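A.B. asks: I'm passing along coords_31.cif; it holds mmCIF, C-alpha atoms.
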data_target
loop_
_atom_site.label_atom_id
_atom_site.label_comp_id
_atom_site.auth_asym_id
_atom_site.auth_seq_id
_atom_site.Cartn_x
_atom_site.Cartn_y
_atom_site.Cartn_z
CA MET A 1 0.00 0.00 0.00
CA LYS A 2 2.83 2.38 0.89
CA LYS A 3 4.48 1.53 -2.42
CA TYR A 4 1.41 2.63 -4.40
CA PHE A 5 1.04 5.76 -2.29
CA LYS A 6 4.64 6.83 -3.03
CA LEU A 7 4.08 6.14 -6.72
CA PHE A 8 0.94 8.32 -6.62
CA ILE A 9 2.84 11.18 -4.95
CA LEU A 10 5.62 10.93 -7.54
CA ILE A 11 3.11 11.05 -10.41
CA LEU A 12 1.38 14.04 -8.80
CA VAL A 13 4.69 15.94 -8.44
CA LEU A 14 5.66 15.19 -12.06
CA PHE A 15 2.22 16.31 -13.23
CA ASN A 16 2.59 19.63 -11.35
CA PHE A 17 5.99 20.19 -12.94
CA TYR A 18 4.43 19.53 -16.34
CA ILE A 19 1.63 22.08 -15.67
CA VAL A 20 4.18 24.73 -14.62
CA PHE A 21 6.27 24.04 -17.74
CA ILE A 22 3.27 24.36 -20.08
CA THR A 23 2.15 27.57 -18.31
CA LEU A 24 5.58 29.14 -18.79
CA GLN A 25 5.57 28.23 -22.48
CA ILE A 26 2.12 29.77 -22.95
CA PHE A 27 3.14 32.94 -21.11
CA LYS A 28 6.30 33.18 -23.18
CA SER A 29 4.28 33.28 -26.39
CA SER A 30 1.32 35.23 -24.99
CA PRO A 31 0.39 38.74 -26.26
CA ILE A 32 1.03 40.15 -22.77
CA ASN A 33 4.58 38.84 -22.65
CA SER A 34 5.10 39.81 -26.28
CA LYS A 35 3.97 43.32 -25.38
CA ILE A 36 6.50 43.47 -22.54
CA GLU A 37 9.31 42.32 -24.85
CA LYS A 38 8.31 44.85 -27.51
CA ALA A 39 8.15 47.64 -24.94
CA SER A 40 11.67 46.81 -23.80
CA ASP A 41 12.82 46.71 -27.43
CA LEU A 42 11.20 50.10 -28.15
CA LYS A 43 13.00 51.68 -25.21
CA PHE A 44 16.27 50.27 -26.47
CA LYS A 45 15.69 51.54 -30.02
CA ILE A 46 14.86 55.19 -29.33
CA VAL A 47 16.94 56.06 -26.26
CA ARG A 48 20.11 57.85 -27.29
CA SER A 49 23.39 57.44 -25.46
CA LYS A 50 24.25 60.47 -23.38
CA TYR A 51 27.20 62.53 -24.62
CA GLN A 52 29.50 64.31 -22.22
CA VAL A 53 28.71 67.81 -23.50
CA LYS A 54 27.17 70.35 -21.13
CA CYS A 55 24.53 72.43 -22.88
CA ASN A 56 24.64 75.26 -20.35
CA LEU A 57 28.36 75.78 -21.09
CA LEU A 58 27.64 75.84 -24.84
CA PHE A 59 25.02 78.58 -24.30
CA GLU A 60 27.60 80.48 -22.25
CA MET A 61 30.02 80.20 -25.22
CA ASN A 62 32.58 78.25 -23.19
CA SER A 63 35.48 77.72 -25.64
CA GLY A 64 36.53 74.39 -24.13
CA GLU A 65 33.02 72.95 -24.37
CA ILE A 66 32.58 74.29 -27.92
CA ASP A 67 35.85 72.65 -28.99
CA LYS A 68 34.69 69.37 -27.44
CA ALA A 69 31.39 69.52 -29.34
CA LYS A 70 33.14 70.38 -32.63
CA LYS A 71 35.51 67.46 -32.18
CA MET A 72 32.59 65.08 -31.66
CA LEU A 73 30.89 66.38 -34.79
CA LYS A 74 34.10 66.10 -36.79
CA ASN A 75 34.54 62.50 -35.72
CA ASN A 76 30.98 61.84 -36.90
CA LYS A 77 29.96 60.24 -33.62
CA LEU A 78 26.60 62.00 -33.50
CA LYS A 79 24.40 59.99 -35.84
CA LEU A 80 20.64 60.35 -35.88
CA ILE A 81 18.50 57.46 -34.68
CA PRO A 82 17.06 55.79 -37.83
CA ASP A 83 13.48 56.77 -38.68
CA GLU A 84 12.30 53.15 -38.62
CA ASN A 85 13.25 52.90 -34.93
CA PHE A 86 10.28 55.15 -34.15
CA ILE A 87 7.76 52.88 -35.89
CA PHE A 88 5.81 51.01 -33.24
CA ASP A 89 2.41 49.52 -32.49
CA ARG A 90 -0.10 51.66 -30.62
CA LEU A 91 0.09 49.13 -27.77
CA MET A 92 3.56 50.54 -27.15
CA CYS A 93 2.26 54.07 -26.55
CA PRO A 94 2.47 53.84 -22.74
CA THR A 95 6.17 52.96 -23.03
CA TYR A 96 6.83 55.72 -25.56
CA LYS A 97 4.97 58.31 -23.46
CA THR A 98 6.97 57.32 -20.40
CA LEU A 99 10.20 58.00 -22.31
CA PHE A 100 8.74 61.11 -23.93
CA ASN A 101 7.61 62.59 -20.61
CA GLU A 102 10.76 62.00 -18.57
CA GLU A 103 11.70 65.70 -18.64
CA LEU A 104 8.12 66.98 -18.96
CA ASN A 105 7.18 65.42 -15.63
CA GLU A 106 9.64 67.78 -13.95
CA ILE A 107 7.99 70.88 -15.48
CA LYS A 108 5.26 72.58 -13.50
CA VAL A 109 2.46 73.83 -15.73
CA THR A 110 0.96 77.05 -14.37
CA GLN A 111 -2.73 77.88 -14.29
CA ASN A 112 -2.08 80.69 -16.80
CA GLU A 113 -0.75 78.12 -19.27
CA LEU A 114 -3.74 75.84 -18.72
CA ASN A 115 -6.08 78.78 -19.37
CA PHE A 116 -4.18 79.83 -22.51
CA PRO A 117 -3.70 76.81 -24.83
CA LEU A 118 -1.53 77.30 -27.91
CA ALA A 119 -1.59 75.63 -31.32
CA PHE A 120 1.48 74.73 -33.39
CA ALA A 121 1.65 74.08 -37.14
CA ILE A 122 4.87 72.16 -37.90
CA LEU A 123 6.07 71.50 -41.45
CA THR A 124 8.33 68.43 -41.68
CA TYR A 125 9.98 66.16 -44.22
CA GLN A 126 12.90 64.28 -42.65
CA HIS A 127 14.68 63.13 -39.45
CA VAL A 128 12.09 61.74 -37.02
CA GLU A 129 14.47 62.10 -34.08
CA GLN A 130 14.51 65.86 -34.67
CA ILE A 131 10.70 65.97 -34.50
CA HIS A 132 10.75 63.75 -31.42
CA ARG A 133 13.12 66.17 -29.70
CA LEU A 134 11.18 69.24 -30.84
CA LEU A 135 7.89 67.84 -29.52
CA ARG A 136 9.47 66.98 -26.18
CA LEU A 137 10.45 70.63 -25.83
CA ILE A 138 7.19 72.27 -26.89
CA TYR A 139 4.64 69.64 -25.85
CA ARG A 140 2.09 70.47 -23.16
CA PRO A 141 -1.13 68.47 -22.61
CA GLN A 142 -3.34 71.58 -22.99
CA ASN A 143 -1.83 72.60 -26.36
CA PHE A 144 -2.60 71.34 -29.87
CA TYR A 145 -0.18 70.29 -32.60
CA CYS A 146 -0.55 69.72 -36.34
CA ILE A 147 2.30 68.03 -38.20
CA HIS A 148 2.39 68.35 -41.98
CA ILE A 149 4.40 65.63 -43.75
CA ASP A 150 5.79 66.39 -47.20
CA THR A 151 4.52 64.01 -49.89
CA LYS A 152 8.18 63.39 -50.84
CA SER A 153 8.98 62.05 -47.37
CA SER A 154 9.80 58.35 -47.13
CA ARG A 155 7.21 55.76 -46.17
CA GLU A 156 9.22 54.96 -43.02
CA TYR A 157 9.22 58.64 -42.05
CA ARG A 158 5.45 58.95 -42.38
CA ARG A 159 4.81 55.73 -40.46
CA ALA A 160 7.13 56.87 -37.65
CA ILE A 161 5.47 60.29 -37.30
CA GLU A 162 2.06 58.59 -37.36
CA SER A 163 3.23 56.23 -34.59
CA ILE A 164 4.18 59.17 -32.38
CA ALA A 165 1.00 61.15 -33.13
CA SER A 166 -1.21 58.13 -32.40
CA CYS A 167 -0.10 58.24 -28.75
CA PHE A 168 -1.49 61.74 -28.12
CA ASP A 169 -5.02 63.09 -28.46
CA ASN A 170 -3.74 66.62 -29.11
CA ILE A 171 -1.26 65.81 -31.92
CA ILE A 172 -2.70 65.41 -35.41
CA ILE A 173 -1.28 64.76 -38.87
CA ALA A 174 -2.41 67.26 -41.52
CA ALA A 175 -5.38 65.73 -43.34
CA LYS A 176 -3.89 66.68 -46.70
CA SER A 177 -0.18 66.53 -47.57
CA GLU A 178 1.48 68.86 -50.06
CA ASN A 179 4.53 68.51 -52.28
CA ILE A 180 6.81 71.13 -50.74
CA THR A 181 9.19 73.00 -53.03
CA TRP A 182 11.25 75.88 -51.73
CA ALA A 183 9.70 79.23 -52.76
CA GLY A 184 6.65 77.43 -54.16
CA PHE A 185 2.96 77.64 -53.24
CA GLY A 186 3.08 74.23 -51.53
CA ILE A 187 4.56 75.77 -48.37
CA LEU A 188 1.66 78.21 -48.02
CA GLN A 189 -0.89 75.51 -48.79
CA ALA A 190 0.63 73.19 -46.18
CA GLU A 191 0.38 75.97 -43.58
CA LEU A 192 -3.22 76.64 -44.54
CA ASN A 193 -4.02 72.92 -44.28
CA CYS A 194 -2.73 72.79 -40.72
CA MET A 195 -4.47 76.03 -39.80
CA GLN A 196 -7.79 74.64 -40.97
CA ASP A 197 -7.24 71.27 -39.26
CA LEU A 198 -6.39 72.98 -35.96
CA LEU A 199 -9.54 75.11 -36.15
CA LYS A 200 -11.56 71.90 -36.53
CA LYS A 201 -9.60 70.08 -33.83
CA SER A 202 -10.36 72.46 -30.99
CA GLN A 203 -12.08 75.72 -30.10
CA LYS A 204 -9.86 76.22 -27.06
CA TRP A 205 -6.49 77.41 -28.40
CA LYS A 206 -5.78 81.14 -28.40
CA TYR A 207 -2.79 81.57 -30.75
CA LEU A 208 -1.23 79.59 -33.58
CA ILE A 209 2.53 79.43 -34.06
CA HIS A 210 4.15 78.34 -37.34
CA MET A 211 7.29 76.22 -37.12
CA SER A 212 9.62 74.21 -39.30
CA GLY A 213 10.58 70.73 -38.16
CA ASN A 214 14.22 71.82 -38.19
CA GLU A 215 13.71 74.53 -35.57
CA MET A 216 14.11 74.57 -31.81
CA PRO A 217 12.29 76.97 -29.46
CA LEU A 218 14.08 79.84 -27.72
CA LYS A 219 11.21 80.44 -25.31
CA THR A 220 9.46 78.11 -22.89
CA ASN A 221 5.72 77.56 -23.07
CA TYR A 222 5.38 79.65 -19.91
CA GLU A 223 7.23 82.56 -21.56
CA LEU A 224 5.21 82.29 -24.78
CA VAL A 225 1.93 82.42 -22.89
CA LYS A 226 3.13 85.39 -20.87
CA ILE A 227 4.07 87.29 -24.05
CA LEU A 228 0.94 86.38 -26.03
CA ASN A 229 -1.30 87.33 -23.12
CA VAL A 230 0.14 90.84 -23.37
CA TYR A 231 -0.55 90.86 -27.14
CA ASN A 232 -4.25 90.62 -26.27
CA GLY A 233 -5.37 89.36 -29.69
CA THR A 234 -2.88 91.23 -31.88
CA ASN A 235 -0.62 89.26 -34.22
CA ASP A 236 3.15 88.89 -34.34
CA VAL A 237 4.20 89.13 -37.99
CA GLU A 238 7.43 90.61 -39.29
CA ILE A 239 7.44 92.73 -42.44
CA VAL A 240 10.90 93.26 -43.88
CA ASN A 241 10.49 95.61 -46.83
CA ASP A 242 8.75 96.27 -50.16
CA PHE A 243 9.44 93.53 -52.64
CA HIS A 244 7.27 94.17 -55.67
CA SER A 245 9.46 92.14 -58.05
CA ARG A 246 8.23 88.98 -56.35
CA TYR A 247 5.07 89.06 -58.43
CA LYS A 248 6.45 90.42 -61.68
CA TYR A 249 6.71 86.99 -63.34
CA LYS A 250 4.78 83.77 -62.93
CA TYR A 251 6.56 80.68 -61.61
CA ILE A 252 5.71 77.05 -62.35
CA LEU A 253 6.95 73.64 -61.20
CA ASP A 254 8.73 71.67 -63.90
CA SER A 255 8.66 67.86 -64.26
CA GLN A 256 11.47 67.60 -61.68
CA HIS A 257 9.41 69.62 -59.17
CA ILE A 258 11.82 72.54 -59.43
CA LEU A 259 10.37 76.05 -59.42
CA LYS A 260 11.10 77.82 -62.70
CA ARG A 261 10.42 81.39 -63.74
CA THR A 262 8.33 81.89 -66.87
CA ASN A 263 8.27 84.90 -69.19
CA GLN A 264 4.61 85.39 -68.34
CA THR A 265 3.90 88.46 -66.24
CA MET A 266 1.44 88.22 -63.39
CA SER A 267 -1.73 90.25 -63.24
CA PRO A 268 -1.91 92.96 -60.55
CA PRO A 269 -2.82 91.68 -57.06
CA PRO A 270 -6.58 91.55 -56.43
CA HIS A 271 -8.39 94.25 -54.46
CA ASN A 272 -5.47 96.70 -54.83
CA TYR A 273 -3.27 94.81 -52.39
CA SER A 274 0.33 96.01 -52.12
CA ILE A 275 2.79 93.13 -51.86
CA VAL A 276 5.52 93.35 -49.23
CA LYS A 277 8.08 90.81 -48.05
CA GLY A 278 7.61 89.28 -44.63
CA THR A 279 8.61 86.10 -42.83
CA THR A 280 6.80 82.79 -42.51
CA ASN A 281 7.37 82.50 -38.77
CA SER A 282 4.53 84.14 -36.93
CA ALA A 283 2.12 84.01 -34.00
CA LEU A 284 -1.48 84.43 -35.16
CA SER A 285 -4.56 84.95 -33.02
CA ARG A 286 -7.39 82.48 -33.37
CA GLU A 287 -9.70 85.22 -34.65
CA PHE A 288 -7.27 86.10 -37.41
CA VAL A 289 -6.88 82.45 -38.46
CA LYS A 290 -10.67 82.20 -38.74
CA TYR A 291 -10.69 85.44 -40.76
CA VAL A 292 -8.26 83.94 -43.31
CA PHE A 293 -10.81 81.25 -44.26
CA LYS A 294 -13.96 83.38 -44.05
CA ASN A 295 -12.97 86.51 -46.00
CA ARG A 296 -13.55 86.44 -49.77
CA LYS A 297 -10.80 88.98 -50.52
CA VAL A 298 -8.30 86.79 -48.70
CA ARG A 299 -9.38 83.74 -50.72
CA ASP A 300 -8.88 85.76 -53.91
CA LEU A 301 -5.39 86.77 -52.84
CA ILE A 302 -4.43 83.20 -51.99
CA GLU A 303 -5.69 81.99 -55.37
CA TRP A 304 -3.74 84.73 -57.15
CA SER A 305 -0.54 83.86 -55.26
CA LYS A 306 -0.37 80.28 -56.61
CA ASP A 307 1.93 81.44 -59.43
CA MET A 308 3.97 83.75 -57.21
CA TYR A 309 7.54 83.43 -55.98
CA VAL A 310 7.69 82.68 -52.21
CA PRO A 311 3.99 83.32 -51.49
CA ASP A 312 4.32 82.11 -47.88
CA GLU A 313 6.31 85.27 -47.08
CA MET A 314 3.69 87.68 -48.35
CA TYR A 315 0.23 86.45 -47.40
CA PHE A 316 0.35 88.01 -43.94
CA LEU A 317 -0.16 91.39 -45.56
CA ILE A 318 -3.85 90.56 -45.25
CA LEU A 319 -3.35 91.68 -41.65
CA PHE A 320 -3.80 95.21 -42.92
CA ASP A 321 -7.32 94.39 -44.05
CA TYR A 322 -7.97 92.58 -40.80
CA TYR A 323 -7.04 95.60 -38.69
CA PHE A 324 -8.06 98.47 -40.92
#
Do you think you could lay out the structure here as structure tokens?
C.D. replies:
Amino acid sequence: MKKYFKLFILILVLFNFYIVFITLQIFKSSPINSKIEKASDLKFKIVRSKYQVKCNLLFEMNSGEIDKAKKMLKNNKLKLIPDENFIFDRLMCPTYKTLFNEELNEIKVTQNELNFPLAFAILTYQHVEQIHRLLRLIYRPQNFYCIHIDTKSSREYRRAIESIASCFDNIIIAAKSENITWAGFGILQAELNCMQDLLKKSQKWKYLIHMSGNEMPLKTNYELVKILNVYNGTNDVEIVNDFHSRYKYKYILDSQHILKRTNQTMSPPPHNYSIVKGTTNSALSREFVKYVFKNRKVRDLIEWSKDMYVPDEMYFLILFDYYF
């Protein structure tokens, strides 16, 4: 009897070991465990090694630190993280947001900032890591962001930007992408696309700021809000000088998507507008952005500017109509 009892206990122990083994195998191949492995892999792919360069000393123009940075650049040690490293499943968003928010968690958002949301229109075409870094600097949960992706951008680039945007309710991809050519109408159209998308996205934001994906901010969100609060609805647009020759001749895109001047002269601007040169970078009030899409004279000017050289640097002259 004891012999059979011992045999039974041995079989029971072996059976328990078998159950544990099968459970481990199932867990190893389960979606939950796969998610954990992917999350770890994502962290590995997009975290950059820290370089021993002190940014505060660079801003202070420390010669020793500048020489160190130049030497690193010369040795080509600073290579961008490949775009495809930022392509991930939406299930990985919690991991990405944890990495994304490491520095943001240390920033205290004031009540003034919460009461004064901003919108950003960002035109991009390459280097996802640059956009990742830019967003980490300017991102705040109360703000809104539209990213326009050039139609010439790679498939990997678009997928990576879409991966990042999918993790945030307040980051959108422009509904329509344009083929951007320097000095061509595509730049203005891309900006208009984002402006319209941001108006649809939220009624909360107070000002819209235009940016290129290659830029970095010189002001914190707190400082921007403080400045724009003082503006009290006025717009920040720089006008450089008169530049009438910009609409003397029509320009077209050739088969290589290069802007070429034609011998065709342009008609005078509609509604007796005077063309002046400005800059694309601007801070526009929400009311003015709405005005751009509602006013017929503005629509006429935008249509006329399609054949113009660098139209994105002139269309803010419609501010004069807006104010006067």
A.B. asks: Once the PyMOL selection byres ((chain A and resi 171-180) around 6) has been evaluated on this model, what residues remain selected, and can you format them as a ChimeraX atom specification?
C.D. replies: /A:145-148,150-151,165,168-170,181,186-187,190,194
A.B. asks: Decode the PyMOL selection byres ((chain A and resi 161-164) around 7) for the given file into explicit residues and return them as an mmCIF file with C-alpha atoms, keeping the file's coordinate frame.
C.D. replies:
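Dumped everything to selection_6.cif:
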data_model
loop_
_atom_site.group_PDB
_atom_site.id
_atom_site.type_symbol
_atom_site.label_atom_id
_atom_site.label_comp_id
_atom_site.auth_asym_id
_atom_site.auth_seq_id
_atom_site.Cartn_x
_atom_site.Cartn_y
_atom_site.Cartn_z
ATOM 1 C CA ILE A 87 7.760 52.880 -35.890
ATOM 2 C CA PHE A 88 5.810 51.010 -33.240
ATOM 3 C CA ARG A 90 -0.100 51.660 -30.620
ATOM 4 C CA VAL A 128 12.090 61.740 -37.020
ATOM 5 C CA TYR A 157 9.220 58.640 -42.050
ATOM 6 C CA ARG A 158 5.450 58.950 -42.380
ATOM 7 C CA ARG A 159 4.810 55.730 -40.460
ATOM 8 C CA ALA A 160 7.130 56.870 -37.650
ATOM 9 C CA ALA A 165 1.000 61.150 -33.130
ATOM 10 C CA SER A 166 -1.210 58.130 -32.400
ATOM 11 C CA CYS A 167 -0.100 58.240 -28.750
#
A.B. asks: I would like the residues chosen by the PyMOL selection byres ((chain A and resi 254-266) around 8) on the shown file; could you give them as a list in words?
C.D. replies: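 Residues picked by the PyMOL selection byres ((chain A and resi 254-266) around 8): Thr181, Trp182, Ala183, Gly184, Tyr247, Lys248, Tyr249, Lys250, Tyr251, Ile252, Leu253, Ser267, Pro268 and Asp307 of chain A.
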A.B. asks: Just the number, please: distance in Å from CA of Phe288 (chain A) to CA of Thr234 (chain A), one decimal.
C.D. replies: 8.7 Å
A.B. asks: Rounded to one decimal place, report the CA of Val289 (chain A)-CA of Tyr125 (chain A) distance in Å.
C.D. replies: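 Separation between CA of Val289 (chain A) and CA of Tyr125 (chain A): 24.1 Å.
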A.B. asks: Which of these residues is nearest to Asp83 (chain A), using only C-alpha atoms: A:Leu224, A:Val310, A:Val298, A:Ile46?
C.D. replies: A:Ile46
A.B. asks: For the atom pair CA of Gly213 (chain A) and CA of Ile131 (chain A), what is the interatomic distance in Å to one decimal place?
C.D. replies: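 Separation of CA of Gly213 (chain A) and CA of Ile131 (chain A): 6.0 Å.
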A.B. asks: Which one of A:Asp89, A:Glu129, A:Asp312, A:Asp300 sits closest to Pro270 (chain A) if you count all atoms listed in the file?
C.D. replies: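 Smallest separation from Pro270 (chain A) among the options: A:Asp300.
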A.B. asks: Using the file's own x, y and z axes, so that the box edges lie along x, y and z, what centre and edge lengths in Å (one decimal) does a box around every listed atom of region 183-191 of chain A get when 3 Å is added on each side? Give it as lines of an AutoDock Vina configuration file.
C.D. replies:
center_x = 4.4
center_y = 76.2
center_z = -48.9
size_x = 16.6
size_y = 12.0
size_z = 16.6
A.B. asks: Determine, counting all atoms listed in the file, which protein, DNA and RNA residues have an atom within 10 Å of an atom of Asn112 (chain A); residues of the same chain fewer than 3 positions away are not included. Present the result as a list in words.
C.D. replies: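 My reading of the contact set: Val109, Asn115, Phe116, Pro117, Tyr222, Val225, Lys226 and Asn229 of chain A.
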A.B. asks: Grab the residues selected above and save them as a PDB file, keeping the file's coordinate frame with C-alpha atoms.
C.D. replies:
ATOM      1  CA  VAL A 109       2.460  73.830 -15.730  1.00  0.00           C
ATOM      2  CA  ASN A 115      -6.080  78.780 -19.370  1.00  0.00           C
ATOM      3  CA  PHE A 116      -4.180  79.830 -22.510  1.00  0.00           C
ATOM      4  CA  PRO A 117      -3.700  76.810 -24.830  1.00  0.00           C
ATOM      5  CA  TYR A 222       5.380  79.650 -19.910  1.00  0.00           C
ATOM      6  CA  VAL A 225       1.930  82.420 -22.890  1.00  0.00           C
ATOM      7  CA  LYS A 226       3.130  85.390 -20.870  1.00  0.00           C
ATOM      8  CA  ASN A 229      -1.300  87.330 -23.120  1.00  0.00           C
TER       9      ASN A 229
END
